[in-house]
Amino acid sequence: MSGLKNSPFGKRLRASHQDAEDDSSRKHRPRPNQIFALTLGSTPSLDSRPTTSDSGEPESPVESRTPRDYGDRFVPSRDAGDMRTSYHLMDDSTPSTPSKNRIIPTESDALKEQANAIFTSILHTEVTPPSPQRSASPTRPATNTPLPSTPTRRRLFNYNSPSRSNPATPTRRLDAPTDEAYSMSPVRAESRQLLESPRRQLRNVCKTPYRVLDAPELADDFYLNLVDWSSTNVLGVGLGSCVYLWTAHTAQVSKLCDLSSSNDTISSVSWVQKGTTLAVGTLAGRLRIYDANTLQLQRTYQQAHTQRIGALSWNSHILSSGSRDRLINHRDVREPGFKPFKRFQGHRQEVCGLRWNGDSGPQAALLASGGNDNKVCIWDLRGSKRPQPNSTGGRSGSAGTSASSAGEDPGEIPLWKFHEHTAAVKALAWDPHVAGILATGGGTADKHIRFWNTFNGSMLNELDTGSQVCNLTWSLTSHELVSSHGFSSTTAQNQICIWKYPSLDMVASLTGHTHRVLYLAMSPEGETIVTGAGDETLRFWNAFPKKENHEAKRESRLDYGRLIR
């Protein structure tokens, strides 16, 4: 046996048995993970259940995901969506996904907005042109074909000129000099026509204020009116318990009054239309009248209202005040008495807006009031009755008619009452260019500017601004409307917007305030507007062009048309 072990056959037999043992031991040895260099068998399991299946069969190996080959390129469908986003033409600062159209755009140049709109239209025309109508497949007419016969002596080929009745044939189409085949322009005819068409003349508005003044203690209260600009170019501002006057010509500041000794706070200021008289309302319901030239107190109404006076408006020598006690009182400042000669009560909550019609026509006696009850009332101080209910508009016409028939004073009921707003109405503005047009703005829950015809009580138009409307004023030099805004559900808020009327196109949007723009006033010449916000700043903007001076021509004595009666 020893000879057999040492023989070559025995050595090969032992070598084969050793190789078999090595293979069996290698199979039962745990395999290492090539990625994390950890042993799979030694990794603790987060599941207490056994790793083997119930059927006793070995688990199926995990399939490795291989990337699918979709081809050499991917062509998206550009029929719908934002073309600028599809072709990677958006700015780097904006998200790559198309966003919703914003109602109020952010601060931008009007010329840039117009160029972007033209570029988008041309891009749609060039990339997605209207598909031509495909002709239908030719069909053989159902005719009885004759049987084949011996050909007679005829011409096999007939040469005719193209038909003039069908210009769509290629021969007749190329005869037109305006065909695209002869065009040297890189764009289509529709795009070329859009580029060559005359553009609407836009007015550039400076987007930065030319002056910024600090206004400490300027209240961030929607229901107050603390800024007003006089006809003598003096700005009155209520700050805390004091009223300050800022002269525009000299930039001089003077203190008009200080109510800290009486523990009272300013809630409203209002200048008379022509003159230096300033009315001041307080939170305690007191009403004071000052002379700005002498800085002297002329008259005091200690109990003008039982609660704060948030709105004031002048009509010559008549001063109207609106309060939180839901009353509108009218006083003649020439009389020494303290009681109002007329009182209106048409709102169920606080009166937060008052504006007399500044027109010198027959509607000068109309007063517009807005309340926290979301209502707008039109009052006639002369006691005129409204038209009959068969006229359009005015959903409260029946109420006024019944009140008049009941024997009440027609001047103590509103001429019109509008219910369309869904939030508090503080912003009121009469159109100085068209008689009888009133613009009103709603609060946070409404966000609309509505235009009314006070002759028949109908709503002319409405504009969804997307943010709280805090104040409104009309331009004196152009037919445009300025609105100041506050809270918004979009990214654009705390803006001052200029709208063209009646198209309601945005002329410009001014930004800079960090809080709600609650206060708005216009200079007497109509070129500058001043805005105040809860950030305790006053900003002056050059918003409108200079007014053309035609006063000398209109007041000339040689104008005989004015002398004809």
# chains A, B, ... in the order shown; residues from 1 in each chain; ligands from 1
$ residues_around --residues "Phe338 (chain A)" --least-positions-apart "6" --cutoff "12 Å" --atoms "only C-alpha atoms" --output "PyMOL selection string"
chain A and resi 286-288+299-305+329-332
$ residues_around --residues "region 246-255 of chain A" --least-positions-apart "2" --cutoff "10 Å" --atoms "only C-alpha atoms" --output "NGL selection string"
:A and (229-230 or 232-237 or 242-244 or 257-258 or 292 or 295 or 523)
$ closest_residue --among "A:Gly275, A:Gly353, A:Gly443, A:Gly466" --to "Ser231 (chain A)" --atoms "only C-alpha atoms"
A:Gly275
$ residues_around --residues "Leu213 (chain A)" --least-positions-apart "6" --cutoff "7 Å" --atoms "only C-alpha atoms" --output "list in words"
Thr537, Leu538 and Arg539 of chain A
$ write_last_selection --atoms "N, CA and C atoms" --output "PDB file, in the first residue's frame"
ATOM      1  N   THR A 537     -42.312 105.569   6.680  1.00  0.00           N
ATOM      2  CA  THR A 537     -41.644 106.388   5.669  1.00  0.00           C
ATOM      3  C   THR A 537     -42.677 107.033   4.764  1.00  0.00           C
ATOM      4  N   LEU A 538     -42.329 108.202   4.244  1.00  0.00           N
ATOM      5  CA  LEU A 538     -43.096 108.888   3.217  1.00  0.00           C
ATOM      6  C   LEU A 538     -42.235 108.948   1.965  1.00  0.00           C
ATOM      7  N   ARG A 539     -42.788 108.477   0.847  1.00  0.00           N
ATOM      8  CA  ARG A 539     -42.035 108.427  -0.399  1.00  0.00           C
ATOM      9  C   ARG A 539     -42.732 109.283  -1.447  1.00  0.00           C
TER      10      ARG A 539
END
$ select_by_dssp --residues "region 312-544 of chain A" --states "strand (DSSP E)" --output "short mmCIF file (atom, residue, chain, number, x, y, z; two decimals) with C-alpha atoms, in the first residue's frame"
data_model
loop_
_atom_site.label_atom_id
_atom_site.label_comp_id
_atom_site.auth_asym_id
_atom_site.auth_seq_id
_atom_site.Cartn_x
_atom_site.Cartn_y
_atom_site.Cartn_z
CA LEU A 312 -62.97 113.70 6.86
CA SER A 313 -63.98 115.50 3.68
CA TRP A 314 -64.58 119.15 2.75
CA ASN A 315 -67.12 120.70 0.41
CA ILE A 318 -69.06 122.25 4.86
CA LEU A 319 -67.03 119.70 6.78
CA SER A 320 -68.23 116.08 6.80
CA SER A 321 -66.89 113.56 9.29
CA GLY A 322 -67.31 109.78 9.43
CA SER A 323 -66.79 107.84 12.63
CA ILE A 328 -71.80 110.93 9.08
CA ASN A 329 -72.13 114.47 10.45
CA HIS A 330 -72.14 117.66 8.39
CA ARG A 331 -71.07 120.98 9.93
CA ASP A 332 -70.87 124.48 8.57
CA LYS A 342 -77.44 117.31 9.01
CA ARG A 343 -76.67 113.73 9.93
CA PHE A 344 -76.54 110.61 7.73
CA VAL A 351 -67.45 104.70 8.23
CA CYS A 352 -63.86 104.46 6.95
CA GLY A 353 -64.05 106.49 3.72
CA LEU A 354 -65.59 109.83 2.72
CA ARG A 355 -65.16 111.80 -0.48
CA TRP A 356 -67.10 114.78 -1.83
CA LEU A 366 -72.87 114.27 -4.00
CA LEU A 367 -70.97 112.56 -1.20
CA ALA A 368 -69.57 109.03 -1.41
CA SER A 369 -69.07 107.03 1.77
CA GLY A 370 -67.53 103.61 2.30
CA GLY A 371 -67.96 101.47 5.38
CA VAL A 376 -70.85 102.15 -0.69
CA CYS A 377 -73.44 104.92 -0.27
CA ILE A 378 -74.03 107.93 -2.48
CA TRP A 379 -75.62 110.86 -0.65
CA ASP A 380 -77.16 114.04 -2.02
CA TRP A 416 -77.62 104.90 -4.20
CA LYS A 417 -76.29 101.99 -2.20
CA PHE A 418 -73.92 99.47 -3.76
CA VAL A 425 -64.39 100.05 1.41
CA LYS A 426 -61.97 102.83 2.33
CA ALA A 427 -60.67 103.88 -1.12
CA LEU A 428 -62.96 106.35 -2.88
CA ALA A 429 -62.17 108.68 -5.81
CA TRP A 430 -64.34 110.81 -8.11
CA ILE A 437 -67.85 108.41 -12.40
CA LEU A 438 -66.81 107.02 -9.00
CA ALA A 439 -64.01 104.51 -8.34
CA THR A 440 -64.11 102.38 -5.18
CA GLY A 441 -61.67 99.81 -3.81
CA GLY A 442 -62.24 96.87 -1.48
CA HIS A 448 -61.39 94.74 -6.58
CA ILE A 449 -61.60 98.27 -7.96
CA ARG A 450 -65.09 99.01 -9.22
CA PHE A 451 -66.33 101.92 -11.31
CA TRP A 452 -69.83 103.32 -10.90
CA ASN A 453 -72.11 105.61 -12.84
CA SER A 458 -74.94 101.09 -12.52
CA MET A 459 -71.53 99.46 -12.30
CA LEU A 460 -69.44 100.26 -15.37
CA ASN A 461 -66.45 97.99 -14.87
CA GLU A 462 -64.40 96.13 -12.28
CA LEU A 463 -60.73 95.23 -11.94
CA ASP A 464 -59.29 92.39 -9.86
CA SER A 467 -54.26 92.64 -3.32
CA GLN A 468 -55.87 94.84 -0.71
CA VAL A 469 -56.88 98.24 -2.11
CA CYS A 470 -55.95 100.88 0.47
CA ASN A 471 -56.35 104.16 -1.42
CA LEU A 472 -57.35 105.62 -4.78
CA THR A 473 -56.78 108.94 -6.51
CA TRP A 474 -57.24 110.19 -10.07
CA GLU A 480 -55.29 107.55 -15.17
CA LEU A 481 -55.96 106.12 -11.74
CA VAL A 482 -53.48 105.50 -8.92
CA SER A 483 -54.08 102.71 -6.41
CA SER A 484 -52.06 101.76 -3.35
CA HIS A 485 -52.10 98.20 -2.08
CA GLY A 486 -51.40 96.13 1.00
CA PHE A 487 -51.97 92.48 1.83
CA SER A 488 -51.91 90.11 -1.11
CA ILE A 496 -48.47 101.59 -6.03
CA CYS A 497 -50.12 100.91 -9.40
CA ILE A 498 -51.08 103.32 -12.17
CA TRP A 499 -53.96 102.23 -14.40
CA LYS A 500 -55.13 103.64 -17.73
CA ASP A 505 -54.15 98.61 -18.64
CA MET A 506 -51.33 98.97 -16.15
CA VAL A 507 -49.04 101.88 -16.93
CA ALA A 508 -46.52 101.25 -14.14
CA SER A 509 -46.10 99.63 -10.76
CA LEU A 510 -43.96 101.27 -8.07
CA VAL A 517 -49.26 101.48 1.53
CA LEU A 518 -52.17 102.90 3.52
CA TYR A 519 -51.85 106.61 2.72
CA LEU A 520 -51.86 108.37 -0.64
CA ALA A 521 -52.05 112.03 -1.63
CA MET A 522 -51.37 114.09 -4.75
CA THR A 528 -46.21 114.14 -7.74
CA ILE A 529 -47.82 111.61 -5.45
CA VAL A 530 -46.78 110.88 -1.88
CA THR A 531 -47.33 107.51 -0.22
CA GLY A 532 -47.11 106.53 3.43
CA ALA A 533 -46.89 103.07 4.92
CA THR A 537 -41.64 106.39 5.67
CA LEU A 538 -43.10 108.89 3.22
CA ARG A 539 -42.03 108.43 -0.40
CA PHE A 540 -42.46 111.01 -3.17
CA TRP A 541 -42.86 109.80 -6.77
CA ASN A 542 -42.85 111.67 -10.09
#
$ atom_distance --atom1 "CA of Ala279 (chain A)" --atom2 "CA of Pro524 (chain A)"
17.9 Å
$ residues_around --residues "His347 (chain A)" --least-positions-apart "5" --cutoff "8 Å" --atoms "only C-alpha atoms" --output "ChimeraX atom specification"
/A:326-327,371,373,375
